[in-house]
>>> print(open('data22.cif').read())   # mmCIF, C-alpha atoms
data_start
#
loop_
_atom_site.group_PDB
_atom_site.id
_atom_site.type_symbol
_atom_site.label_atom_id
_atom_site.label_comp_id
_atom_site.auth_asym_id
_atom_site.auth_seq_id
_atom_site.Cartn_x
_atom_site.Cartn_y
_atom_site.Cartn_z
ATOM 1 C CA GLU A 66 7.753 3.711 -11.913
ATOM 2 C CA HIS A 67 6.013 2.665 -8.704
ATOM 3 C CA VAL A 68 8.611 4.267 -6.452
ATOM 4 C CA GLU A 69 8.382 7.467 -8.484
ATOM 5 C CA ARG A 70 4.565 7.379 -8.200
ATOM 6 C CA ILE A 71 4.762 7.162 -4.401
ATOM 7 C CA ARG A 72 7.245 10.062 -4.396
ATOM 8 C CA THR A 73 5.070 12.199 -6.686
ATOM 9 C CA LEU A 74 1.893 11.636 -4.685
ATOM 10 C CA THR A 75 3.678 12.187 -1.376
ATOM 11 C CA ARG A 76 5.129 15.492 -2.611
ATOM 12 C CA ARG A 77 1.636 16.556 -3.659
ATOM 13 C CA GLY A 78 0.263 15.785 -0.177
ATOM 14 C CA PHE A 79 -2.078 13.233 -1.748
ATOM 15 C CA TYR A 80 -1.716 10.710 1.096
ATOM 16 C CA ASP A 81 -2.213 13.175 3.938
ATOM 17 C CA GLY A 82 -5.390 12.244 5.805
ATOM 18 C CA THR A 83 -6.146 9.140 3.744
ATOM 19 C CA PRO A 84 -7.605 6.160 5.631
ATOM 20 C CA PHE A 85 -6.308 2.644 6.046
ATOM 21 C CA HIS A 86 -9.606 1.350 4.683
ATOM 22 C CA ARG A 87 -8.818 -2.374 4.509
ATOM 23 C CA VAL A 88 -6.841 -3.982 7.331
ATOM 24 C CA ILE A 89 -6.674 -7.742 7.777
ATOM 25 C CA GLU A 90 -5.208 -9.171 10.989
ATOM 26 C CA GLY A 91 -2.042 -11.164 10.329
ATOM 27 C CA PHE A 92 -1.933 -10.060 6.680
ATOM 28 C CA MET A 93 -1.793 -6.385 5.725
ATOM 29 C CA ALA A 94 -2.995 -2.769 6.064
ATOM 30 C CA GLN A 95 -4.154 -1.106 2.844
ATOM 31 C CA GLY A 96 -4.427 2.635 2.260
ATOM 32 C CA GLY A 97 -3.872 5.281 -0.372
ATOM 33 C CA ASP A 98 -7.501 5.700 -1.428
ATOM 34 C CA PRO A 99 -8.849 9.158 -0.589
ATOM 35 C CA THR A 100 -12.440 7.866 -0.862
ATOM 36 C CA GLY A 101 -11.860 5.108 1.711
ATOM 37 C CA THR A 102 -13.870 2.680 -0.421
ATOM 38 C CA GLY A 103 -11.033 0.742 -2.022
ATOM 39 C CA ARG A 104 -12.112 2.029 -5.429
ATOM 40 C CA GLY A 105 -10.418 5.436 -5.470
ATOM 41 C CA GLY A 106 -7.099 6.584 -6.806
ATOM 42 C CA SER A 107 -5.169 9.564 -8.092
ATOM 43 C CA ASP A 108 -5.672 11.533 -11.298
ATOM 44 C CA LEU A 109 -2.547 9.885 -12.754
ATOM 45 C CA PRO A 110 -2.696 6.916 -15.142
ATOM 46 C CA ASN A 111 -2.427 3.365 -13.834
ATOM 47 C CA LEU A 112 0.997 1.724 -13.778
ATOM 48 C CA PRO A 113 2.211 -1.487 -15.390
ATOM 49 C CA ALA A 114 3.269 -4.223 -12.975
ATOM 50 C CA GLU A 115 6.937 -4.418 -11.966
ATOM 51 C CA PHE A 116 7.666 -7.878 -10.606
ATOM 52 C CA THR A 117 11.018 -9.230 -9.500
ATOM 53 C CA ASN A 118 12.261 -12.492 -8.071
ATOM 54 C CA LYS A 119 14.794 -10.600 -5.954
ATOM 55 C CA TYR A 120 12.357 -9.286 -3.322
ATOM 56 C CA ARG A 121 9.807 -11.108 -1.172
ATOM 57 C CA PHE A 122 6.778 -10.027 0.823
ATOM 58 C CA LEU A 123 8.156 -10.224 4.345
ATOM 59 C CA ARG A 124 6.888 -8.393 7.429
ATOM 60 C CA GLY A 125 6.873 -4.631 6.801
ATOM 61 C CA VAL A 126 7.157 -4.790 3.013
ATOM 62 C CA CYS A 127 5.220 -2.143 1.055
ATOM 63 C CA GLY A 128 3.433 -3.218 -2.099
ATOM 64 C CA MET A 129 1.127 -1.594 -4.619
ATOM 65 C CA ALA A 130 -2.519 -2.597 -4.511
ATOM 66 C CA ARG A 131 -4.306 -3.336 -7.774
ATOM 67 C CA THR A 132 -7.476 -4.974 -8.986
ATOM 68 C CA ALA A 133 -7.558 -8.759 -9.046
ATOM 69 C CA GLN A 134 -8.462 -8.693 -12.733
ATOM 70 C CA ASP A 135 -5.688 -6.404 -14.023
ATOM 71 C CA ARG A 136 -2.022 -6.672 -13.009
ATOM 72 C CA ASP A 137 -1.432 -3.265 -14.624
ATOM 73 C CA SER A 138 -3.992 -1.342 -12.553
ATOM 74 C CA ALA A 139 -1.850 -0.009 -9.673
ATOM 75 C CA ASN A 140 -2.400 3.714 -9.117
ATOM 76 C CA SER A 141 -2.139 5.174 -5.607
ATOM 77 C CA GLN A 142 -3.236 2.435 -3.236
ATOM 78 C CA PHE A 143 -0.602 0.531 -1.309
ATOM 79 C CA PHE A 144 -0.355 -2.010 1.482
ATOM 80 C CA ILE A 145 2.060 -2.912 4.263
ATOM 81 C CA THR A 146 2.367 -6.552 5.305
ATOM 82 C CA PHE A 147 2.057 -7.545 8.968
ATOM 83 C CA ALA A 148 3.656 -10.942 8.308
ATOM 84 C CA PRO A 149 5.362 -12.792 5.463
ATOM 85 C CA ALA A 150 2.976 -13.273 2.517
ATOM 86 C CA PRO A 151 4.708 -15.563 -0.002
ATOM 87 C CA ASN A 152 1.433 -15.905 -1.928
ATOM 88 C CA LEU A 153 1.965 -12.289 -3.099
ATOM 89 C CA ASP A 154 5.532 -12.823 -4.355
ATOM 90 C CA GLY A 155 5.784 -12.188 -8.093
ATOM 91 C CA ASP A 156 2.154 -11.082 -8.292
ATOM 92 C CA TYR A 157 2.234 -7.608 -6.698
ATOM 93 C CA THR A 158 4.821 -4.865 -7.116
ATOM 94 C CA ILE A 159 7.088 -4.220 -4.121
ATOM 95 C CA TRP A 160 8.173 -0.587 -3.802
ATOM 96 C CA GLY A 161 9.650 -0.362 -0.301
ATOM 97 C CA ARG A 162 9.710 -1.573 3.283
ATOM 98 C CA VAL A 163 9.224 -0.190 6.765
ATOM 99 C CA VAL A 164 12.671 0.401 8.283
ATOM 100 C CA SER A 165 11.426 1.954 11.545
ATOM 101 C CA GLY A 166 8.025 2.498 13.083
ATOM 102 C CA MET A 167 6.548 -0.941 12.483
ATOM 103 C CA ASP A 168 5.126 -0.666 15.999
ATOM 104 C CA ALA A 169 2.883 2.138 14.671
ATOM 105 C CA VAL A 170 1.805 -0.038 11.721
ATOM 106 C CA ASP A 171 0.936 -2.844 14.156
ATOM 107 C CA LYS A 172 -1.468 -0.477 15.949
ATOM 108 C CA ILE A 173 -3.576 0.334 12.860
ATOM 109 C CA LYS A 174 -7.234 -0.484 13.536
ATOM 110 C CA ARG A 175 -8.273 -3.851 12.085
ATOM 111 C CA GLY A 176 -11.263 -4.423 9.847
ATOM 112 C CA ALA A 177 -14.016 -7.011 9.996
ATOM 113 C CA PRO A 178 -13.719 -10.399 8.298
ATOM 114 C CA PRO A 179 -13.859 -11.536 5.600
ATOM 115 C CA ASN A 180 -12.741 -8.512 3.537
ATOM 116 C CA GLY A 181 -11.128 -6.439 6.302
ATOM 117 C CA MET A 182 -13.010 -3.216 5.525
ATOM 118 C CA VAL A 183 -12.698 -0.850 8.492
ATOM 119 C CA GLN A 184 -15.467 1.230 10.075
ATOM 120 C CA ASN A 185 -14.080 4.612 11.229
ATOM 121 C CA PRO A 186 -10.573 3.746 9.988
ATOM 122 C CA ASP A 187 -7.279 5.091 11.246
ATOM 123 C CA LYS A 188 -5.764 7.653 8.897
ATOM 124 C CA LEU A 189 -2.310 8.418 7.630
ATOM 125 C CA ILE A 190 -1.831 11.839 9.186
ATOM 126 C CA ARG A 191 1.039 13.121 7.093
ATOM 127 C CA ALA A 192 3.267 11.408 4.525
ATOM 128 C CA ARG A 193 6.739 12.823 3.947
ATOM 129 C CA LEU A 194 9.873 11.781 2.097
ATOM 130 C CA VAL A 195 13.207 11.386 3.843
ATOM 131 C CA ASN A 196 16.584 10.326 2.512
ATOM 132 C CA ALA A 197 17.289 6.731 3.430
#
>>> encode(input="data22.cif", output="structure tokens")
Amino acid sequence: EHVERIRTLTRRGFYDGTPFHRVIEGFMAQGGDPTGTGRGGSDLPNLPAEFTNKYRFLRGVCGMARTAQDRDSANSQFFITFAPAPNLDGDYTIWGRVVSGMDAVDKIKRGAPPNGMVQNPDKLIRARLVNA
């Protein structure tokens, strides 16, 4: 369901112009919230968690963001890991990975500690689907 959600929102143009509002050095870049506050989402219902032991949070893995209190609260927000994050394994849904262009991800403007919220954040210019 998470992969289909990303596809649906991308086809709608939902992600175009959205900021990477939370970016933590050595950890991850989070986006997918049109409000840039970390509290926004799409008009679609939240998704139930989809965990697997098969995949791990390695560098460049894409996961769905959710609230800390509710594992079934993923909606539109996502994150990309800068480095392995085994503490996330089995606790956040993995929906993809960066297969090229990680150099662009590495250049996303970092936020301030401790929460990584970014002032004047970099934005995802245009999200598109390609056959992989």
>>> closest_residue(input="data22.cif", among="A:Arg87, A:Ala177, A:Pro186, A:Glu69", to="A:Gly161", atoms="only C-alpha atoms")
A:Glu69
>>> closest_residue(input="data22.cif", among="A:Arg124, A:Glu115, A:Ile190, A:Asp108", to="A:Asp168", atoms="all atoms listed in the file")
A:Arg124
>>> closest_residue(input="data22.cif", among="A:Arg162, A:Ala150, A:Ala133, A:Ile89", to="A:Pro179", atoms="all atoms listed in the file")
A:Ile89
>>> resolve_selection(input="data22.cif", expression="the PyMOL selection byres ((chain A and resi 193) around 8)", output="list of chain:residue names")
A:Thr75, A:Arg76, A:Arg191, A:Ala192, A:Leu194, A:Val195
>>> closest_residue(input="data22.cif", among="A:Thr102, A:Ser165, A:Asn140, A:Thr132", to="A:Ile71", atoms="all atoms listed in the file")
A:Asn140
>>> resolve_selection(input="data22.cif", expression="the PyMOL selection byres ((chain A and resi 155) around 7)", output="VMD selection string")
chain A and resid 116 to 118 153 to 154 156 to 157
>>> closest_residue(input="data22.cif", among="A:Asn152, A:Ile159, A:Ser141, A:Ala94", to="A:Lys119", atoms="all atoms listed in the file")
A:Ile159
>>> atom_distance(input="data22.cif", atom1="atom CA of A:Val170", atom2="atom CA of A:Gly106")
21.6 Å
>>> atom_distance(input="data22.cif", atom1="atom CA of A:Pro110", atom2="atom CA of A:Ala139")
8.9 Å
>>> resolve_selection(input="data22.cif", expression="the PyMOL selection byres ((chain A and resi 90) around 10)", output="PyMOL selection string")
chain A and resi 88-89+91-94+146-148+171+173-178+181
>>> closest_atom_pairs(input="data22.cif", of="stretch 161-190 of chain A", to="stretch 97-101 of chain A", cutoff="12 Å", atoms="only C-alpha atoms", output="CSV")
residue,atom,partner,partner_atom,distance
A:Met182,CA,A:Gly101,CA,9.2
A:Val183,CA,A:Gly101,CA,9.1
A:Gln184,CA,A:Gly101,CA,9.9
A:Asn185,CA,A:Gly101,CA,9.8
A:Pro186,CA,A:Gly101,CA,8.5
A:Asp187,CA,A:Gly101,CA,10.6
A:Lys188,CA,A:Gly97,CA,9.8
A:Leu189,CA,A:Gly97,CA,8.7
A:Ile190,CA,A:Gly97,CA,11.8
